[in-house]
Protein chains: 2
Amino acid sequence: MAGFNTYTISELAKEFEVTTRTIRFYEEKGLLNPSRNGQHRIFGKSDHACLELILRGKRAGLSLEESREIIQMYDPEGDNYEQYQFLLNKVDERQAQLESQIEDINQLIAGLGEVRNRCNSALKKISADKPANK
Amino acid sequence: MAGFNTYTISELAKEFEVTTRTIRFYEEKGLLNPSRNGQHRIFGKSDHACLELILRGKRAGLSLEESREIIQMYDPEGDNYEQYQFLLNKVDERQAQLESQIEDINQLIAGLGEVRNRCNSALKKISADKPANK
DNA sequence: AAGCAAGTTGACGTTAACGTAAAGGTGGGG
DNA sequence: CCCCACCTTTACGTTAACGTCAACTTGCTT
């Protein structure tokens, strides 16, 4: 262990249940920016937050590129009026996409509800055909 | 065109905006089961429904394997009590997974809300520093 | 007959997201 | 001093999900 809000690569790996290879890969892709102590990587609070976001994005079905885009929103490049307006638009776009994704998932769930109904009907019919055990 | 509820490969491709290669690939993987007129594929209503489900699953971030699993739920293999019970469990599992996926997405959206707030604050500050145009 | 659009089967190429093995530096404990 | 656990870089391997030719057949149309 090094400082306070810092992590070694294996600490991060253990906490988020990923391999060290995965973490190095995310760094390669520019999604994490650890500092160095000689050769060794030192991950800070922001790396921790980024990794959390990446993995959440992954569970949500986002690609690393999409997660990177979201990460960049948290850390805007310019600071003038147009930049912020542009960023707000991007935020809205991304939110719309995520919401339409929720719709798709809800439709899948609705479909499963239909399957469940059929199952229950079939089970009822079976137990009606077999009134043996009562 | 052939019959009533049937489609050629390019009709399906056009309707769902995918390539014919994609459709053949899904057949290769056993996700679609077109009948044949000689060499030519003839897709029916169930193929149409499956393709719709596959693409919805894709937008939701599911792999083809996961979509296949869901498809198989619609068309149960056995028909005895245990089979239906087993299927009901699978349905519940999958639904739970989809719901937790929605949670992840909602957290991403919440994060975007934070970004939006920061943006708006920054914009307010900028327009406060520049009361030139009243 | 000739050609063109639409379909077919291989077969190899590509990208993303890592896995996995090789070969080596580095600080502490026995 | 030597081993061990942990870290490093380099590099090739792998899987999913198609893309992209190439080389045909088939049916219609001119």
# chains A, B, ... in the order shown; residues from 1 in each chain; ligands from 1

call {"tool": "interface_residues", "arguments": {"of": "chain B", "to": "chain A", "cutoff": "6 Å", "atoms": "only C-alpha atoms", "output": "mmCIF file with C-alpha atoms, in the first residue's frame"}}
result
data_model
loop_
_atom_site.group_PDB
_atom_site.id
_atom_site.type_symbol
_atom_site.label_atom_id
_atom_site.label_comp_id
_atom_site.auth_asym_id
_atom_site.auth_seq_id
_atom_site.Cartn_x
_atom_site.Cartn_y
_atom_site.Cartn_z
ATOM 1 C CA ARG B 56 -34.018 -6.120 -29.443
ATOM 2 C CA ALA B 60 -30.245 -4.265 -24.859
ATOM 3 C CA GLY B 61 -26.676 -5.534 -24.774
ATOM 4 C CA TYR B 84 -42.170 -26.197 -16.853
ATOM 5 C CA GLN B 95 -35.887 -11.316 -15.568
ATOM 6 C CA GLN B 101 -29.291 -4.258 -15.931
ATOM 7 C CA ASP B 104 -27.076 -0.125 -13.917
ATOM 8 C CA ILE B 105 -28.456 1.979 -16.723
ATOM 9 C CA ILE B 109 -28.300 8.179 -16.244
ATOM 10 C CA CYS B 119 -22.580 22.131 -16.941
#

call {"tool": "select_by_dssp", "arguments": {"residues": "segment 14-104 of chain A", "states": "strand (DSSP E or B)", "output": "PyMOL selection string"}}
result
chain A and resi 35-37+40-43

call {"tool": "select_by_dssp", "arguments": {"residues": "chain A", "states": "helix (DSSP H, G or I)", "output": "PDB file with N, CA and C atoms, in the first residue's frame"}}
result
ATOM      1  N   ILE A   9      -2.462  -2.379  -8.366  1.00  0.00           N
ATOM      2  CA  ILE A   9      -3.275  -2.985  -9.423  1.00  0.00           C
ATOM      3  C   ILE A   9      -4.059  -4.182  -8.910  1.00  0.00           C
ATOM      4  N   SER A  10      -3.446  -4.944  -8.014  1.00  0.00           N
ATOM      5  CA  SER A  10      -4.133  -6.148  -7.534  1.00  0.00           C
ATOM      6  C   SER A  10      -5.212  -5.804  -6.514  1.00  0.00           C
ATOM      7  N   GLU A  11      -5.057  -4.696  -5.832  1.00  0.00           N
ATOM      8  CA  GLU A  11      -6.118  -4.261  -4.922  1.00  0.00           C
ATOM      9  C   GLU A  11      -7.375  -3.911  -5.716  1.00  0.00           C
ATOM     10  N   LEU A  12      -7.169  -3.150  -6.779  1.00  0.00           N
ATOM     11  CA  LEU A  12      -8.300  -2.801  -7.642  1.00  0.00           C
ATOM     12  C   LEU A  12      -8.918  -4.064  -8.240  1.00  0.00           C
ATOM     13  N   ALA A  13      -8.054  -4.944  -8.697  1.00  0.00           N
ATOM     14  CA  ALA A  13      -8.514  -6.180  -9.332  1.00  0.00           C
ATOM     15  C   ALA A  13      -9.379  -6.986  -8.371  1.00  0.00           C
ATOM     16  N   LYS A  14      -8.912  -7.086  -7.131  1.00  0.00           N
ATOM     17  CA  LYS A  14      -9.649  -7.865  -6.148  1.00  0.00           C
ATOM     18  C   LYS A  14     -11.001  -7.196  -5.870  1.00  0.00           C
ATOM     19  N   GLU A  15     -10.962  -5.914  -5.638  1.00  0.00           N
ATOM     20  CA  GLU A  15     -12.192  -5.197  -5.277  1.00  0.00           C
ATOM     21  C   GLU A  15     -13.273  -5.330  -6.352  1.00  0.00           C
ATOM     22  N   PHE A  16     -12.861  -5.231  -7.621  1.00  0.00           N
ATOM     23  CA  PHE A  16     -13.862  -5.243  -8.693  1.00  0.00           C
ATOM     24  C   PHE A  16     -13.976  -6.598  -9.382  1.00  0.00           C
ATOM     25  N   THR A  20      -5.808  -8.434 -13.469  1.00  0.00           N
ATOM     26  CA  THR A  20      -4.877  -7.315 -13.637  1.00  0.00           C
ATOM     27  C   THR A  20      -4.704  -7.021 -15.126  1.00  0.00           C
ATOM     28  N   ARG A  21      -4.779  -8.057 -15.923  1.00  0.00           N
ATOM     29  CA  ARG A  21      -4.687  -7.877 -17.372  1.00  0.00           C
ATOM     30  C   ARG A  21      -5.757  -6.924 -17.874  1.00  0.00           C
ATOM     31  N   THR A  22      -6.944  -7.099 -17.377  1.00  0.00           N
ATOM     32  CA  THR A  22      -8.056  -6.235 -17.765  1.00  0.00           C
ATOM     33  C   THR A  22      -7.755  -4.783 -17.422  1.00  0.00           C
ATOM     34  N   ILE A  23      -7.230  -4.566 -16.235  1.00  0.00           N
ATOM     35  CA  ILE A  23      -6.931  -3.197 -15.804  1.00  0.00           C
ATOM     36  C   ILE A  23      -5.844  -2.583 -16.680  1.00  0.00           C
ATOM     37  N   ARG A  24      -4.796  -3.363 -16.957  1.00  0.00           N
ATOM     38  CA  ARG A  24      -3.739  -2.854 -17.841  1.00  0.00           C
ATOM     39  C   ARG A  24      -4.302  -2.559 -19.224  1.00  0.00           C
ATOM     40  N   PHE A  25      -5.211  -3.410 -19.656  1.00  0.00           N
ATOM     41  CA  PHE A  25      -5.834  -3.205 -20.961  1.00  0.00           C
ATOM     42  C   PHE A  25      -6.616  -1.896 -20.990  1.00  0.00           C
ATOM     43  N   TYR A  26      -7.341  -1.615 -19.942  1.00  0.00           N
ATOM     44  CA  TYR A  26      -8.102  -0.366 -19.876  1.00  0.00           C
ATOM     45  C   TYR A  26      -7.162   0.832 -19.876  1.00  0.00           C
ATOM     46  N   GLU A  27      -5.996   0.672 -19.249  1.00  0.00           N
ATOM     47  CA  GLU A  27      -5.033   1.760 -19.280  1.00  0.00           C
ATOM     48  C   GLU A  27      -4.512   1.957 -20.707  1.00  0.00           C
ATOM     49  N   GLU A  28      -4.163   0.841 -21.340  1.00  0.00           N
ATOM     50  CA  GLU A  28      -3.706   0.889 -22.727  1.00  0.00           C
ATOM     51  C   GLU A  28      -4.678   1.680 -23.594  1.00  0.00           C
ATOM     52  N   LYS A  45      -8.083   7.922  -6.822  1.00  0.00           N
ATOM     53  CA  LYS A  45      -9.522   7.916  -6.619  1.00  0.00           C
ATOM     54  C   LYS A  45     -10.272   7.978  -7.950  1.00  0.00           C
ATOM     55  N   SER A  46      -9.734   8.763  -8.874  1.00  0.00           N
ATOM     56  CA  SER A  46     -10.453   8.925 -10.138  1.00  0.00           C
ATOM     57  C   SER A  46     -10.382   7.638 -10.965  1.00  0.00           C
ATOM     58  N   ASP A  47      -9.244   6.944 -10.885  1.00  0.00           N
ATOM     59  CA  ASP A  47      -9.146   5.648 -11.566  1.00  0.00           C
ATOM     60  C   ASP A  47     -10.183   4.690 -10.995  1.00  0.00           C
ATOM     61  N   HIS A  48     -10.303   4.739  -9.681  1.00  0.00           N
ATOM     62  CA  HIS A  48     -11.279   3.891  -9.002  1.00  0.00           C
ATOM     63  C   HIS A  48     -12.687   4.180  -9.522  1.00  0.00           C
ATOM     64  N   ALA A  49     -12.994   5.457  -9.639  1.00  0.00           N
ATOM     65  CA  ALA A  49     -14.322   5.853 -10.108  1.00  0.00           C
ATOM     66  C   ALA A  49     -14.532   5.452 -11.564  1.00  0.00           C
ATOM     67  N   CYS A  50     -13.499   5.649 -12.370  1.00  0.00           N
ATOM     68  CA  CYS A  50     -13.593   5.292 -13.787  1.00  0.00           C
ATOM     69  C   CYS A  50     -13.828   3.804 -13.949  1.00  0.00           C
ATOM     70  N   LEU A  51     -13.074   3.021 -13.225  1.00  0.00           N
ATOM     71  CA  LEU A  51     -13.225   1.573 -13.340  1.00  0.00           C
ATOM     72  C   LEU A  51     -14.644   1.149 -12.962  1.00  0.00           C
ATOM     73  N   GLU A  52     -15.151   1.758 -11.935  1.00  0.00           N
ATOM     74  CA  GLU A  52     -16.513   1.450 -11.514  1.00  0.00           C
ATOM     75  C   GLU A  52     -17.502   1.765 -12.647  1.00  0.00           C
ATOM     76  N   LEU A  53     -17.297   2.922 -13.253  1.00  0.00           N
ATOM     77  CA  LEU A  53     -18.180   3.325 -14.340  1.00  0.00           C
ATOM     78  C   LEU A  53     -18.047   2.387 -15.542  1.00  0.00           C
ATOM     79  N   ILE A  54     -16.829   2.035 -15.863  1.00  0.00           N
ATOM     80  CA  ILE A  54     -16.599   1.125 -16.996  1.00  0.00           C
ATOM     81  C   ILE A  54     -17.342  -0.187 -16.794  1.00  0.00           C
ATOM     82  N   LEU A  55     -17.228  -0.733 -15.603  1.00  0.00           N
ATOM     83  CA  LEU A  55     -17.835  -2.039 -15.344  1.00  0.00           C
ATOM     84  C   LEU A  55     -19.357  -1.943 -15.292  1.00  0.00           C
ATOM     85  N   ARG A  56     -19.847  -0.833 -14.793  1.00  0.00           N
ATOM     86  CA  ARG A  56     -21.285  -0.624 -14.814  1.00  0.00           C
ATOM     87  C   ARG A  56     -21.757  -0.550 -16.261  1.00  0.00           C
ATOM     88  N   GLY A  57     -21.002   0.208 -17.049  1.00  0.00           N
ATOM     89  CA  GLY A  57     -21.328   0.316 -18.462  1.00  0.00           C
ATOM     90  C   GLY A  57     -21.322  -1.039 -19.140  1.00  0.00           C
ATOM     91  N   LYS A  58     -20.351  -1.848 -18.775  1.00  0.00           N
ATOM     92  CA  LYS A  58     -20.246  -3.174 -19.363  1.00  0.00           C
ATOM     93  C   LYS A  58     -21.484  -4.007 -19.035  1.00  0.00           C
ATOM     94  N   ARG A  59     -21.874  -3.986 -17.790  1.00  0.00           N
ATOM     95  CA  ARG A  59     -23.078  -4.734 -17.395  1.00  0.00           C
ATOM     96  C   ARG A  59     -24.297  -4.203 -18.125  1.00  0.00           C
ATOM     97  N   LEU A  64     -16.468  -0.378 -24.604  1.00  0.00           N
ATOM     98  CA  LEU A  64     -15.475   0.448 -23.925  1.00  0.00           C
ATOM     99  C   LEU A  64     -15.456   1.846 -24.525  1.00  0.00           C
ATOM    100  N   GLU A  65     -15.635   1.924 -25.832  1.00  0.00           N
ATOM    101  CA  GLU A  65     -15.669   3.223 -26.490  1.00  0.00           C
ATOM    102  C   GLU A  65     -16.796   4.089 -25.943  1.00  0.00           C
ATOM    103  N   GLU A  66     -17.952   3.492 -25.763  1.00  0.00           N
ATOM    104  CA  GLU A  66     -19.081   4.242 -25.236  1.00  0.00           C
ATOM    105  C   GLU A  66     -18.827   4.675 -23.800  1.00  0.00           C
ATOM    106  N   SER A  67     -18.220   3.802 -23.035  1.00  0.00           N
ATOM    107  CA  SER A  67     -17.901   4.156 -21.654  1.00  0.00           C
ATOM    108  C   SER A  67     -16.865   5.270 -21.624  1.00  0.00           C
ATOM    109  N   ARG A  68     -15.914   5.181 -22.537  1.00  0.00           N
ATOM    110  CA  ARG A  68     -14.913   6.234 -22.602  1.00  0.00           C
ATOM    111  C   ARG A  68     -15.570   7.580 -22.872  1.00  0.00           C
ATOM    112  N   GLU A  69     -16.524   7.554 -23.761  1.00  0.00           N
ATOM    113  CA  GLU A  69     -17.227   8.795 -24.104  1.00  0.00           C
ATOM    114  C   GLU A  69     -17.914   9.384 -22.875  1.00  0.00           C
ATOM    115  N   ILE A  70     -18.526   8.517 -22.103  1.00  0.00           N
ATOM    116  CA  ILE A  70     -19.207   8.982 -20.892  1.00  0.00           C
ATOM    117  C   ILE A  70     -18.192   9.523 -19.883  1.00  0.00           C
ATOM    118  N   ILE A  71     -17.081   8.813 -19.750  1.00  0.00           N
ATOM    119  CA  ILE A  71     -16.037   9.256 -18.817  1.00  0.00           C
ATOM    120  C   ILE A  71     -15.557  10.651 -19.177  1.00  0.00           C
ATOM    121  N   GLN A  72     -15.379  10.859 -20.483  1.00  0.00           N
ATOM    122  CA  GLN A  72     -14.892  12.163 -20.917  1.00  0.00           C
ATOM    123  C   GLN A  72     -15.868  13.288 -20.589  1.00  0.00           C
ATOM    124  N   MET A  73     -17.139  12.936 -20.479  1.00  0.00           N
ATOM    125  CA  MET A  73     -18.130  13.951 -20.124  1.00  0.00           C
ATOM    126  C   MET A  73     -17.894  14.462 -18.706  1.00  0.00           C
ATOM    127  N   TYR A  74     -17.400  13.595 -17.852  1.00  0.00           N
ATOM    128  CA  TYR A  74     -17.162  13.986 -16.462  1.00  0.00           C
ATOM    129  C   TYR A  74     -15.977  14.941 -16.356  1.00  0.00           C
ATOM    130  N   TYR A  81     -18.481  28.707 -23.422  1.00  0.00           N
ATOM    131  CA  TYR A  81     -19.914  28.533 -23.584  1.00  0.00           C
ATOM    132  C   TYR A  81     -20.265  27.417 -24.557  1.00  0.00           C
ATOM    133  N   GLU A  82     -19.668  27.443 -25.763  1.00  0.00           N
ATOM    134  CA  GLU A  82     -20.011  26.465 -26.794  1.00  0.00           C
ATOM    135  C   GLU A  82     -19.669  25.033 -26.350  1.00  0.00           C
ATOM    136  N   GLN A  83     -18.556  24.911 -25.702  1.00  0.00           N
ATOM    137  CA  GLN A  83     -18.137  23.589 -25.236  1.00  0.00           C
ATOM    138  C   GLN A  83     -19.179  22.992 -24.293  1.00  0.00           C
ATOM    139  N   TYR A  84     -19.644  23.815 -23.374  1.00  0.00           N
ATOM    140  CA  TYR A  84     -20.611  23.302 -22.400  1.00  0.00           C
ATOM    141  C   TYR A  84     -21.948  23.002 -23.055  1.00  0.00           C
ATOM    142  N   GLN A  85     -22.328  23.849 -24.015  1.00  0.00           N
ATOM    143  CA  GLN A  85     -23.560  23.579 -24.752  1.00  0.00           C
ATOM    144  C   GLN A  85     -23.450  22.255 -25.503  1.00  0.00           C
ATOM    145  N   PHE A  86     -22.320  22.081 -26.142  1.00  0.00           N
ATOM    146  CA  PHE A  86     -22.065  20.847 -26.882  1.00  0.00           C
ATOM    147  C   PHE A  86     -22.142  19.642 -25.952  1.00  0.00           C
ATOM    148  N   LEU A  87     -21.513  19.805 -24.790  1.00  0.00           N
ATOM    149  CA  LEU A  87     -21.516  18.714 -23.821  1.00  0.00           C
ATOM    150  C   LEU A  87     -22.935  18.390 -23.363  1.00  0.00           C
ATOM    151  N   LEU A  88     -23.714  19.420 -23.114  1.00  0.00           N
ATOM    152  CA  LEU A  88     -25.102  19.197 -22.689  1.00  0.00           C
ATOM    153  C   LEU A  88     -25.870  18.402 -23.742  1.00  0.00           C
ATOM    154  N   ASN A  89     -25.616  18.717 -25.004  1.00  0.00           N
ATOM    155  CA  ASN A  89     -26.283  17.971 -26.069  1.00  0.00           C
ATOM    156  C   ASN A  89     -25.869  16.504 -26.046  1.00  0.00           C
ATOM    157  N   LYS A  90     -24.583  16.278 -25.877  1.00  0.00           N
ATOM    158  CA  LYS A  90     -24.083  14.904 -25.823  1.00  0.00           C
ATOM    159  C   LYS A  90     -24.704  14.146 -24.659  1.00  0.00           C
ATOM    160  N   VAL A  91     -24.800  14.828 -23.532  1.00  0.00           N
ATOM    161  CA  VAL A  91     -25.408  14.210 -22.356  1.00  0.00           C
ATOM    162  C   VAL A  91     -26.843  13.806 -22.662  1.00  0.00           C
ATOM    163  N   ASP A  92     -27.579  14.717 -23.311  1.00  0.00           N
ATOM    164  CA  ASP A  92     -28.971  14.423 -23.641  1.00  0.00           C
ATOM    165  C   ASP A  92     -29.070  13.243 -24.602  1.00  0.00           C
ATOM    166  N   GLU A  93     -28.225  13.244 -25.620  1.00  0.00           N
ATOM    167  CA  GLU A  93     -28.210  12.135 -26.570  1.00  0.00           C
ATOM    168  C   GLU A  93     -27.991  10.808 -25.871  1.00  0.00           C
ATOM    169  N   ARG A  94     -26.952  10.811 -25.057  1.00  0.00           N
ATOM    170  CA  ARG A  94     -26.594   9.555 -24.375  1.00  0.00           C
ATOM    171  C   ARG A  94     -27.723   9.100 -23.462  1.00  0.00           C
ATOM    172  N   GLN A  95     -28.319  10.037 -22.786  1.00  0.00           N
ATOM    173  CA  GLN A  95     -29.424   9.678 -21.898  1.00  0.00           C
ATOM    174  C   GLN A  95     -30.585   9.093 -22.696  1.00  0.00           C
ATOM    175  N   ALA A  96     -30.888   9.707 -23.837  1.00  0.00           N
ATOM    176  CA  ALA A  96     -31.969   9.196 -24.674  1.00  0.00           C
ATOM    177  C   ALA A  96     -31.674   7.770 -25.105  1.00  0.00           C
ATOM    178  N   GLN A  97     -30.435   7.522 -25.471  1.00  0.00           N
ATOM    179  CA  GLN A  97     -30.059   6.180 -25.911  1.00  0.00           C
ATOM    180  C   GLN A  97     -30.222   5.180 -24.773  1.00  0.00           C
ATOM    181  N   LEU A  98     -29.781   5.583 -23.595  1.00  0.00           N
ATOM    182  CA  LEU A  98     -29.889   4.685 -22.442  1.00  0.00           C
ATOM    183  C   LEU A  98     -31.350   4.424 -22.108  1.00  0.00           C
ATOM    184  N   GLU A  99     -32.173   5.433 -22.269  1.00  0.00           N
ATOM    185  CA  GLU A  99     -33.593   5.240 -21.964  1.00  0.00           C
ATOM    186  C   GLU A  99     -34.267   4.323 -22.982  1.00  0.00           C
ATOM    187  N   SER A 100     -33.847   4.437 -24.235  1.00  0.00           N
ATOM    188  CA  SER A 100     -34.442   3.544 -25.231  1.00  0.00           C
ATOM    189  C   SER A 100     -33.959   2.117 -24.992  1.00  0.00           C
ATOM    190  N   GLN A 101     -32.767   2.017 -24.421  1.00  0.00           N
ATOM    191  CA  GLN A 101     -32.260   0.687 -24.064  1.00  0.00           C
ATOM    192  C   GLN A 101     -33.110   0.076 -22.956  1.00  0.00           C
ATOM    193  N   ILE A 102     -33.510   0.914 -22.017  1.00  0.00           N
ATOM    194  CA  ILE A 102     -34.391   0.442 -20.946  1.00  0.00           C
ATOM    195  C   ILE A 102     -35.709  -0.051 -21.537  1.00  0.00           C
ATOM    196  N   GLU A 103     -36.202   0.662 -22.551  1.00  0.00           N
ATOM    197  CA  GLU A 103     -37.440   0.229 -23.199  1.00  0.00           C
ATOM    198  C   GLU A 103     -37.298  -1.156 -23.802  1.00  0.00           C
ATOM    199  N   ASP A 104     -36.188  -1.356 -24.497  1.00  0.00           N
ATOM    200  CA  ASP A 104     -35.947  -2.676 -25.087  1.00  0.00           C
ATOM    201  C   ASP A 104     -35.944  -3.755 -24.010  1.00  0.00           C
ATOM    202  N   ILE A 105     -35.270  -3.473 -22.916  1.00  0.00           N
ATOM    203  CA  ILE A 105     -35.204  -4.458 -21.842  1.00  0.00           C
ATOM    204  C   ILE A 105     -36.593  -4.713 -21.273  1.00  0.00           C
ATOM    205  N   ASN A 106     -37.379  -3.662 -21.134  1.00  0.00           N
ATOM    206  CA  ASN A 106     -38.730  -3.846 -20.607  1.00  0.00           C
ATOM    207  C   ASN A 106     -39.582  -4.692 -21.545  1.00  0.00           C
ATOM    208  N   GLN A 107     -39.360  -4.552 -22.835  1.00  0.00           N
ATOM    209  CA  GLN A 107     -40.104  -5.385 -23.779  1.00  0.00           C
ATOM    210  C   GLN A 107     -39.666  -6.839 -23.662  1.00  0.00           C
ATOM    211  N   LEU A 108     -38.386  -7.049 -23.456  1.00  0.00           N
ATOM    212  CA  LEU A 108     -37.914  -8.413 -23.248  1.00  0.00           C
ATOM    213  C   LEU A 108     -38.570  -8.997 -21.999  1.00  0.00           C
ATOM    214  N   ILE A 109     -38.629  -8.198 -20.951  1.00  0.00           N
ATOM    215  CA  ILE A 109     -39.243  -8.654 -19.704  1.00  0.00           C
ATOM    216  C   ILE A 109     -40.725  -8.959 -19.927  1.00  0.00           C
ATOM    217  N   ALA A 110     -41.389  -8.110 -20.705  1.00  0.00           N
ATOM    218  CA  ALA A 110     -42.803  -8.349 -21.004  1.00  0.00           C
ATOM    219  C   ALA A 110     -42.965  -9.680 -21.725  1.00  0.00           C
ATOM    220  N   GLY A 111     -42.068  -9.947 -22.647  1.00  0.00           N
ATOM    221  CA  GLY A 111     -42.090 -11.222 -23.353  1.00  0.00           C
ATOM    222  C   GLY A 111     -41.942 -12.384 -22.392  1.00  0.00           C
ATOM    223  N   LEU A 112     -41.059 -12.224 -21.436  1.00  0.00           N
ATOM    224  CA  LEU A 112     -40.870 -13.284 -20.446  1.00  0.00           C
ATOM    225  C   LEU A 112     -42.140 -13.482 -19.628  1.00  0.00           C
ATOM    226  N   GLY A 113     -42.860 -12.395 -19.392  1.00  0.00           N
ATOM    227  CA  GLY A 113     -44.127 -12.503 -18.679  1.00  0.00           C
ATOM    228  C   GLY A 113     -45.101 -13.376 -19.443  1.00  0.00           C
ATOM    229  N   GLU A 114     -45.091 -13.233 -20.749  1.00  0.00           N
ATOM    230  CA  GLU A 114     -45.954 -14.062 -21.588  1.00  0.00           C
ATOM    231  C   GLU A 114     -45.571 -15.534 -21.460  1.00  0.00           C
ATOM    232  N   VAL A 115     -44.252 -15.778 -21.529  1.00  0.00           N
ATOM    233  CA  VAL A 115     -43.768 -17.149 -21.363  1.00  0.00           C
ATOM    234  C   VAL A 115     -44.233 -17.707 -20.022  1.00  0.00           C
ATOM    235  N   ARG A 116     -44.139 -16.872 -19.010  1.00  0.00           N
ATOM    236  CA  ARG A 116     -44.522 -17.315 -17.663  1.00  0.00           C
ATOM    237  C   ARG A 116     -46.009 -17.685 -17.625  1.00  0.00           C
ATOM    238  N   ASN A 117     -46.824 -16.869 -18.277  1.00  0.00           N
ATOM    239  CA  ASN A 117     -48.261 -17.161 -18.304  1.00  0.00           C
ATOM    240  C   ASN A 117     -48.540 -18.505 -18.961  1.00  0.00           C
ATOM    241  N   ARG A 118     -47.875 -18.715 -20.096  1.00  0.00           N
ATOM    242  CA  ARG A 118     -48.076 -20.001 -20.780  1.00  0.00           C
ATOM    243  C   ARG A 118     -47.677 -21.161 -19.886  1.00  0.00           C
ATOM    244  N   CYS A 119     -46.549 -20.984 -19.209  1.00  0.00           N
ATOM    245  CA  CYS A 119     -46.065 -22.024 -18.307  1.00  0.00           C
ATOM    246  C   CYS A 119     -47.112 -22.327 -17.252  1.00  0.00           C
ATOM    247  N   ASN A 120     -47.623 -21.289 -16.628  1.00  0.00           N
ATOM    248  CA  ASN A 120     -48.584 -21.476 -15.549  1.00  0.00           C
ATOM    249  C   ASN A 120     -49.851 -22.150 -16.055  1.00  0.00           C
ATOM    250  N   SER A 121     -50.292 -21.774 -17.245  1.00  0.00           N
ATOM    251  CA  SER A 121     -51.464 -22.435 -17.830  1.00  0.00           C
ATOM    252  C   SER A 121     -51.187 -23.913 -18.014  1.00  0.00           C
ATOM    253  N   ALA A 122     -50.031 -24.199 -18.572  1.00  0.00           N
ATOM    254  CA  ALA A 122     -49.668 -25.597 -18.824  1.00  0.00           C
ATOM    255  C   ALA A 122     -49.620 -26.373 -17.512  1.00  0.00           C
ATOM    256  N   LEU A 123     -49.061 -25.743 -16.495  1.00  0.00           N
ATOM    257  CA  LEU A 123     -48.955 -26.418 -15.204  1.00  0.00           C
ATOM    258  C   LEU A 123     -50.333 -26.659 -14.604  1.00  0.00           C
ATOM    259  N   LYS A 124     -51.221 -25.686 -14.764  1.00  0.00           N
ATOM    260  CA  LYS A 124     -52.580 -25.843 -14.266  1.00  0.00           C
ATOM    261  C   LYS A 124     -53.269 -27.009 -14.949  1.00  0.00           C
ATOM    262  N   LYS A 125     -53.070 -27.038 -16.259  1.00  0.00           N
ATOM    263  CA  LYS A 125     -53.713 -28.099 -17.033  1.00  0.00           C
ATOM    264  C   LYS A 125     -53.199 -29.469 -16.596  1.00  0.00           C
ATOM    265  N   ILE A 126     -51.899 -29.542 -16.369  1.00  0.00           N
ATOM    266  CA  ILE A 126     -51.310 -30.807 -15.943  1.00  0.00           C
ATOM    267  C   ILE A 126     -51.896 -31.243 -14.606  1.00  0.00           C
ATOM    268  N   SER A 127     -51.969 -30.297 -13.673  1.00  0.00           N
ATOM    269  CA  SER A 127     -52.479 -30.680 -12.348  1.00  0.00           C
ATOM    270  C   SER A 127     -53.983 -30.942 -12.392  1.00  0.00           C
ATOM    271  N   ALA A 128     -54.665 -30.400 -13.409  1.00  0.00           N
ATOM    272  CA  ALA A 128     -56.093 -30.681 -13.567  1.00  0.00           C
ATOM    273  C   ALA A 128     -56.305 -32.065 -14.168  1.00  0.00           C
ATOM    274  N   ASP A 129     -55.417 -32.451 -15.073  1.00  0.00           N
ATOM    275  CA  ASP A 129     -55.494 -33.785 -15.680  1.00  0.00           C
ATOM    276  C   ASP A 129     -55.120 -34.868 -14.694  1.00  0.00           C
TER     277      ASP A 129
END

call {"tool": "residues_around", "arguments": {"residues": "DT8 of chain D", "least_positions_apart": "4", "cutoff": "10 Å", "atoms": "only C-alpha atoms (C1' of nucleotides)", "output": "list in words"}}
result
Gln39, His40 and Arg41 of chain A; DG24 and DG25 of chain C

call {"tool": "closest_atom_pairs", "arguments": {"of": "chain C", "to": "chain B", "cutoff": "12 Å", "atoms": "only C-alpha atoms (C1' of nucleotides)", "output": "tab-separated table"}}
result
residue	atom	partner	partner_atom	distance
C:DA5	C1'	B:Ser10	CA	11.9
C:DA6	C1'	B:Ser10	CA	8.4
C:DG7	C1'	B:His40	CA	6.3
C:DT8	C1'	B:Gln39	CA	6.7
C:DT9	C1'	B:Gln39	CA	10.1

call {"tool": "write_last_selection", "arguments": {"atoms": "N, CA and C atoms (P, O5', C5', C4', C3', O3' and C1' of nucleotides)", "output": "compact mmCIF listing (two decimals), in the first residue's frame"}}
result
# COMPACT_ATOMS: atom_id res chain seq x y z
P DA C 5 -28.69 -5.37 -62.33
O5' DA C 5 -29.89 -5.56 -61.30
C5' DA C 5 -31.20 -5.90 -61.76
C4' DA C 5 -31.83 -6.90 -60.81
C3' DA C 5 -31.34 -6.78 -59.36
O3' DA C 5 -32.44 -6.95 -58.48
C1' DA C 5 -30.90 -8.96 -60.15
P DA C 6 -32.27 -6.90 -56.92
O5' DA C 6 -32.28 -8.43 -56.50
C5' DA C 6 -33.42 -9.24 -56.78
C4' DA C 6 -33.19 -10.63 -56.22
C3' DA C 6 -32.56 -10.62 -54.82
O3' DA C 6 -33.19 -11.59 -54.00
C1' DA C 6 -31.23 -11.90 -56.27
P DG C 7 -32.73 -11.79 -52.49
O5' DG C 7 -32.07 -13.24 -52.55
C5' DG C 7 -32.87 -14.34 -52.98
C4' DG C 7 -31.98 -15.53 -53.22
C3' DG C 7 -31.06 -15.84 -52.03
O3' DG C 7 -31.53 -16.97 -51.30
C1' DG C 7 -29.91 -15.99 -54.13
P DT C 8 -30.66 -17.41 -50.03
O5' DT C 8 -29.47 -18.31 -50.61
C5' DT C 8 -29.78 -19.47 -51.36
C4' DT C 8 -28.51 -20.18 -51.79
C3' DT C 8 -27.47 -20.32 -50.68
O3' DT C 8 -27.64 -21.54 -49.99
C1' DT C 8 -26.47 -19.65 -52.76
P DT C 9 -26.83 -21.74 -48.65
O5' DT C 9 -25.38 -22.16 -49.12
C5' DT C 9 -25.19 -23.33 -49.89
C4' DT C 9 -23.74 -23.42 -50.35
C3' DT C 9 -22.73 -23.63 -49.22
O3' DT C 9 -21.83 -24.66 -49.60
C1' DT C 9 -22.13 -21.73 -50.49
